Amino acid sequence: MRKIILTLAILYPAAALAQGTAPANPPSVGGKPLVVVGSKKSEAGKKEKPLSPAQKLQACQDIDDATKERLNCYDAIYAPQPKPKAPAAKGVNDCRFLKEEDERLTCYNGFADKIPKLPR
């Protein structure tokens, strides 16, 4: 029992001292220091700017014209709220009140075509 206590008394301070000292030279390979690679969380933590409605409308322009997919893209931006007697659209936001899908798509296309090209 004495030998175990004596061994622990000698090894414990030596282990504590070994952990506290820093290496004299940083590790290297071929004379070049090692590169520490960060985690991907730093890149994922960056937030992209949210797109404006105009940029979203222009992104919908990339989809084939007169297709259900393009209308779905527009409807994702401005949720349709059909009214029986929709007033004439004065802005792109008013297109969502049109009941017929073809009319709504034509309305969205008309306003999206008038938007000047924005940077993406």
# chains A, B, ... in the order shown; residues from 1 in each chain; ligands from 1
>>> residues_around(residues="Ala66 of chain A", least_positions_apart="6", cutoff="12 Å", atoms="only C-alpha atoms", output="compact mmCIF listing (two decimals) with N, CA, C and O atoms, in the first residue's frame")
# COMPACT_ATOMS: atom_id res chain seq x y z
N CYS A 60 -38.41 33.84 -60.26
CA CYS A 60 -39.51 33.08 -60.85
C CYS A 60 -39.50 33.20 -62.38
O CYS A 60 -39.99 32.31 -63.07
N ASN A 72 -46.88 28.74 -59.22
CA ASN A 72 -46.63 28.31 -57.84
C ASN A 72 -45.52 29.14 -57.20
O ASN A 72 -45.56 29.44 -56.01
N CYS A 73 -44.52 29.49 -57.99
CA CYS A 73 -43.43 30.32 -57.49
C CYS A 73 -43.96 31.70 -57.09
O CYS A 73 -43.64 32.22 -56.03
N TYR A 74 -44.78 32.30 -57.95
CA TYR A 74 -45.38 33.59 -57.63
C TYR A 74 -46.30 33.49 -56.41
O TYR A 74 -46.29 34.35 -55.54
N GLU A 101 -56.36 31.27 -62.66
CA GLU A 101 -54.91 31.08 -62.62
C GLU A 101 -54.21 31.72 -63.80
O GLU A 101 -53.14 32.32 -63.65
N ASP A 102 -54.80 31.61 -65.00
CA ASP A 102 -54.16 32.21 -66.18
C ASP A 102 -54.09 33.73 -66.05
O ASP A 102 -53.08 34.35 -66.41
N GLU A 103 -55.16 34.33 -65.56
CA GLU A 103 -55.16 35.79 -65.38
C GLU A 103 -54.13 36.20 -64.33
O GLU A 103 -53.44 37.21 -64.49
N ARG A 104 -54.05 35.42 -63.26
CA ARG A 104 -53.12 35.73 -62.19
C ARG A 104 -51.67 35.62 -62.70
O ARG A 104 -50.84 36.49 -62.43
N LEU A 105 -51.39 34.58 -63.48
CA LEU A 105 -50.05 34.39 -64.03
C LEU A 105 -49.70 35.53 -64.98
O LEU A 105 -48.59 36.08 -64.94
N THR A 106 -50.64 35.93 -65.82
CA THR A 106 -50.41 37.04 -66.75
C THR A 106 -50.16 38.33 -65.99
O THR A 106 -49.29 39.13 -66.36
N CYS A 107 -50.91 38.54 -64.93
CA CYS A 107 -50.75 39.74 -64.12
C CYS A 107 -49.36 39.77 -63.48
O CYS A 107 -48.65 40.77 -63.56
N TYR A 108 -48.96 38.66 -62.86
CA TYR A 108 -47.63 38.59 -62.25
C TYR A 108 -46.53 38.82 -63.29
O TYR A 108 -45.58 39.56 -63.06
N ASN A 109 -46.66 38.17 -64.45
CA ASN A 109 -45.66 38.32 -65.50
C ASN A 109 -45.53 39.76 -65.95
O ASN A 109 -44.43 40.25 -66.21
>>> select_by_dssp(residues="chain A", states="strand (DSSP E)", output="ChimeraX atom specification")
/A:28-29,32-33
>>> write_last_selection(atoms="C-alpha atoms", output="PDB file, in the first residue's frame")
ATOM      1  CA  SER A  28       5.314  21.315 -38.241  1.00  0.00           C
ATOM      2  CA  VAL A  29       5.508  19.073 -41.277  1.00  0.00           C
ATOM      3  CA  LYS A  32       5.864  24.335 -42.500  1.00  0.00           C
ATOM      4  CA  PRO A  33       3.547  24.889 -39.520  1.00  0.00           C
TER       5      PRO A  33
END
>>> atom_distance(atom1="atom CA of Cys95 of chain A", atom2="atom CA of Asp64 of chain A")
19.3 Å
>>> decode(residues="segment 48-86 of chain A", atoms="N, CA and C atoms", output="PDB file, in the first residue's frame")
ATOM      1  N   GLU A  48     -27.287  34.858 -44.883  1.00  0.00           N
ATOM      2  CA  GLU A  48     -27.377  35.521 -46.175  1.00  0.00           C
ATOM      3  C   GLU A  48     -28.475  36.568 -46.092  1.00  0.00           C
ATOM      4  N   LYS A  49     -28.330  37.587 -46.902  1.00  0.00           N
ATOM      5  CA  LYS A  49     -29.368  38.602 -46.933  1.00  0.00           C
ATOM      6  C   LYS A  49     -30.643  37.994 -47.492  1.00  0.00           C
ATOM      7  N   PRO A  50     -31.755  38.254 -46.856  1.00  0.00           N
ATOM      8  CA  PRO A  50     -33.010  37.755 -47.433  1.00  0.00           C
ATOM      9  C   PRO A  50     -33.303  38.504 -48.738  1.00  0.00           C
ATOM     10  N   LEU A  51     -33.863  37.786 -49.675  1.00  0.00           N
ATOM     11  CA  LEU A  51     -34.164  38.382 -50.973  1.00  0.00           C
ATOM     12  C   LEU A  51     -35.396  39.266 -50.868  1.00  0.00           C
ATOM     13  N   SER A  52     -35.387  40.342 -51.606  1.00  0.00           N
ATOM     14  CA  SER A  52     -36.549  41.215 -51.653  1.00  0.00           C
ATOM     15  C   SER A  52     -37.614  40.558 -52.535  1.00  0.00           C
ATOM     16  N   PRO A  53     -38.866  40.998 -52.409  1.00  0.00           N
ATOM     17  CA  PRO A  53     -39.903  40.423 -53.279  1.00  0.00           C
ATOM     18  C   PRO A  53     -39.585  40.605 -54.767  1.00  0.00           C
ATOM     19  N   ALA A  54     -38.954  41.719 -55.122  1.00  0.00           N
ATOM     20  CA  ALA A  54     -38.610  41.946 -56.527  1.00  0.00           C
ATOM     21  C   ALA A  54     -37.585  40.912 -57.003  1.00  0.00           C
ATOM     22  N   GLN A  55     -36.610  40.588 -56.158  1.00  0.00           N
ATOM     23  CA  GLN A  55     -35.613  39.587 -56.529  1.00  0.00           C
ATOM     24  C   GLN A  55     -36.246  38.205 -56.612  1.00  0.00           C
ATOM     25  N   LYS A  56     -37.203  37.933 -55.743  1.00  0.00           N
ATOM     26  CA  LYS A  56     -37.902  36.646 -55.789  1.00  0.00           C
ATOM     27  C   LYS A  56     -38.728  36.537 -57.069  1.00  0.00           C
ATOM     28  N   LEU A  57     -39.383  37.641 -57.454  1.00  0.00           N
ATOM     29  CA  LEU A  57     -40.164  37.635 -58.693  1.00  0.00           C
ATOM     30  C   LEU A  57     -39.260  37.394 -59.894  1.00  0.00           C
ATOM     31  N   GLN A  58     -38.086  38.008 -59.895  1.00  0.00           N
ATOM     32  CA  GLN A  58     -37.167  37.798 -60.999  1.00  0.00           C
ATOM     33  C   GLN A  58     -36.647  36.366 -61.022  1.00  0.00           C
ATOM     34  N   ALA A  59     -36.501  35.752 -59.856  1.00  0.00           N
ATOM     35  CA  ALA A  59     -36.080  34.356 -59.810  1.00  0.00           C
ATOM     36  C   ALA A  59     -37.160  33.468 -60.421  1.00  0.00           C
ATOM     37  N   CYS A  60     -38.415  33.840 -60.258  1.00  0.00           N
ATOM     38  CA  CYS A  60     -39.512  33.077 -60.851  1.00  0.00           C
ATOM     39  C   CYS A  60     -39.496  33.198 -62.376  1.00  0.00           C
ATOM     40  N   GLN A  61     -38.926  34.271 -62.891  1.00  0.00           N
ATOM     41  CA  GLN A  61     -38.849  34.475 -64.338  1.00  0.00           C
ATOM     42  C   GLN A  61     -37.961  33.422 -65.004  1.00  0.00           C
ATOM     43  N   ASP A  62     -37.085  32.769 -64.225  1.00  0.00           N
ATOM     44  CA  ASP A  62     -36.208  31.738 -64.787  1.00  0.00           C
ATOM     45  C   ASP A  62     -36.968  30.456 -65.118  1.00  0.00           C
ATOM     46  N   ILE A  63     -38.144  30.278 -64.520  1.00  0.00           N
ATOM     47  CA  ILE A  63     -38.967  29.091 -64.772  1.00  0.00           C
ATOM     48  C   ILE A  63     -39.702  29.293 -66.098  1.00  0.00           C
ATOM     49  N   ASP A  64     -39.958  28.202 -66.821  1.00  0.00           N
ATOM     50  CA  ASP A  64     -40.638  28.278 -68.113  1.00  0.00           C
ATOM     51  C   ASP A  64     -41.936  29.077 -68.003  1.00  0.00           C
ATOM     52  N   ASP A  65     -42.175  29.901 -69.028  1.00  0.00           N
ATOM     53  CA  ASP A  65     -43.358  30.759 -69.043  1.00  0.00           C
ATOM     54  C   ASP A  65     -44.623  29.929 -69.241  1.00  0.00           C
ATOM     55  N   ALA A  66     -45.712  30.415 -68.687  1.00  0.00           N
ATOM     56  CA  ALA A  66     -47.043  29.822 -68.823  1.00  0.00           C
ATOM     57  C   ALA A  66     -47.101  28.399 -68.268  1.00  0.00           C
ATOM     58  N   THR A  67     -46.377  28.160 -67.166  1.00  0.00           N
ATOM     59  CA  THR A  67     -46.420  26.847 -66.536  1.00  0.00           C
ATOM     60  C   THR A  67     -46.960  26.982 -65.113  1.00  0.00           C
ATOM     61  N   LYS A  68     -47.445  25.882 -64.613  1.00  0.00           N
ATOM     62  CA  LYS A  68     -47.977  25.841 -63.256  1.00  0.00           C
ATOM     63  C   LYS A  68     -46.860  26.095 -62.233  1.00  0.00           C
ATOM     64  N   GLU A  69     -45.624  25.671 -62.550  1.00  0.00           N
ATOM     65  CA  GLU A  69     -44.504  25.865 -61.640  1.00  0.00           C
ATOM     66  C   GLU A  69     -44.220  27.350 -61.419  1.00  0.00           C
ATOM     67  N   ARG A  70     -44.302  28.142 -62.504  1.00  0.00           N
ATOM     68  CA  ARG A  70     -44.053  29.577 -62.361  1.00  0.00           C
ATOM     69  C   ARG A  70     -45.147  30.220 -61.523  1.00  0.00           C
ATOM     70  N   LEU A  71     -46.389  29.808 -61.743  1.00  0.00           N
ATOM     71  CA  LEU A  71     -47.489  30.348 -60.942  1.00  0.00           C
ATOM     72  C   LEU A  71     -47.308  29.960 -59.473  1.00  0.00           C
ATOM     73  N   ASN A  72     -46.876  28.736 -59.220  1.00  0.00           N
ATOM     74  CA  ASN A  72     -46.628  28.307 -57.841  1.00  0.00           C
ATOM     75  C   ASN A  72     -45.517  29.136 -57.200  1.00  0.00           C
ATOM     76  N   CYS A  73     -44.517  29.490 -57.993  1.00  0.00           N
ATOM     77  CA  CYS A  73     -43.425  30.321 -57.490  1.00  0.00           C
ATOM     78  C   CYS A  73     -43.959  31.698 -57.095  1.00  0.00           C
ATOM     79  N   TYR A  74     -44.780  32.299 -57.947  1.00  0.00           N
ATOM     80  CA  TYR A  74     -45.382  33.595 -57.634  1.00  0.00           C
ATOM     81  C   TYR A  74     -46.300  33.490 -56.414  1.00  0.00           C
ATOM     82  N   ASP A  75     -47.085  32.409 -56.364  1.00  0.00           N
ATOM     83  CA  ASP A  75     -48.010  32.232 -55.247  1.00  0.00           C
ATOM     84  C   ASP A  75     -47.276  32.024 -53.930  1.00  0.00           C
ATOM     85  N   ALA A  76     -46.047  31.519 -53.975  1.00  0.00           N
ATOM     86  CA  ALA A  76     -45.258  31.367 -52.755  1.00  0.00           C
ATOM     87  C   ALA A  76     -44.841  32.734 -52.210  1.00  0.00           C
ATOM     88  N   ILE A  77     -44.676  33.697 -53.096  1.00  0.00           N
ATOM     89  CA  ILE A  77     -44.304  35.048 -52.682  1.00  0.00           C
ATOM     90  C   ILE A  77     -45.530  35.798 -52.173  1.00  0.00           C
ATOM     91  N   TYR A  78     -46.590  35.796 -52.966  1.00  0.00           N
ATOM     92  CA  TYR A  78     -47.846  36.449 -52.604  1.00  0.00           C
ATOM     93  C   TYR A  78     -48.932  35.380 -52.601  1.00  0.00           C
ATOM     94  N   ALA A  79     -49.347  34.963 -51.422  1.00  0.00           N
ATOM     95  CA  ALA A  79     -50.353  33.901 -51.300  1.00  0.00           C
ATOM     96  C   ALA A  79     -51.656  34.356 -51.946  1.00  0.00           C
ATOM     97  N   PRO A  80     -52.269  33.499 -52.786  1.00  0.00           N
ATOM     98  CA  PRO A  80     -53.505  33.894 -53.466  1.00  0.00           C
ATOM     99  C   PRO A  80     -54.663  34.044 -52.477  1.00  0.00           C
ATOM    100  N   GLN A  81     -55.435  35.104 -52.693  1.00  0.00           N
ATOM    101  CA  GLN A  81     -56.642  35.369 -51.913  1.00  0.00           C
ATOM    102  C   GLN A  81     -57.727  35.796 -52.895  1.00  0.00           C
ATOM    103  N   PRO A  82     -58.265  34.831 -53.667  1.00  0.00           N
ATOM    104  CA  PRO A  82     -59.199  35.188 -54.729  1.00  0.00           C
ATOM    105  C   PRO A  82     -60.460  35.884 -54.204  1.00  0.00           C
ATOM    106  N   LYS A  83     -60.881  36.876 -54.971  1.00  0.00           N
ATOM    107  CA  LYS A  83     -62.116  37.605 -54.675  1.00  0.00           C
ATOM    108  C   LYS A  83     -63.029  37.449 -55.886  1.00  0.00           C
ATOM    109  N   PRO A  84     -64.348  37.394 -55.667  1.00  0.00           N
ATOM    110  CA  PRO A  84     -65.266  37.219 -56.804  1.00  0.00           C
ATOM    111  C   PRO A  84     -65.148  38.351 -57.831  1.00  0.00           C
ATOM    112  N   LYS A  85     -65.047  39.580 -57.361  1.00  0.00           N
ATOM    113  CA  LYS A  85     -64.901  40.725 -58.267  1.00  0.00           C
ATOM    114  C   LYS A  85     -63.640  41.474 -57.864  1.00  0.00           C
ATOM    115  N   ALA A  86     -62.541  41.009 -58.385  1.00  0.00           N
ATOM    116  CA  ALA A  86     -61.259  41.628 -58.054  1.00  0.00           C
ATOM    117  C   ALA A  86     -61.095  42.932 -58.815  1.00  0.00           C
TER     118      ALA A  86
END
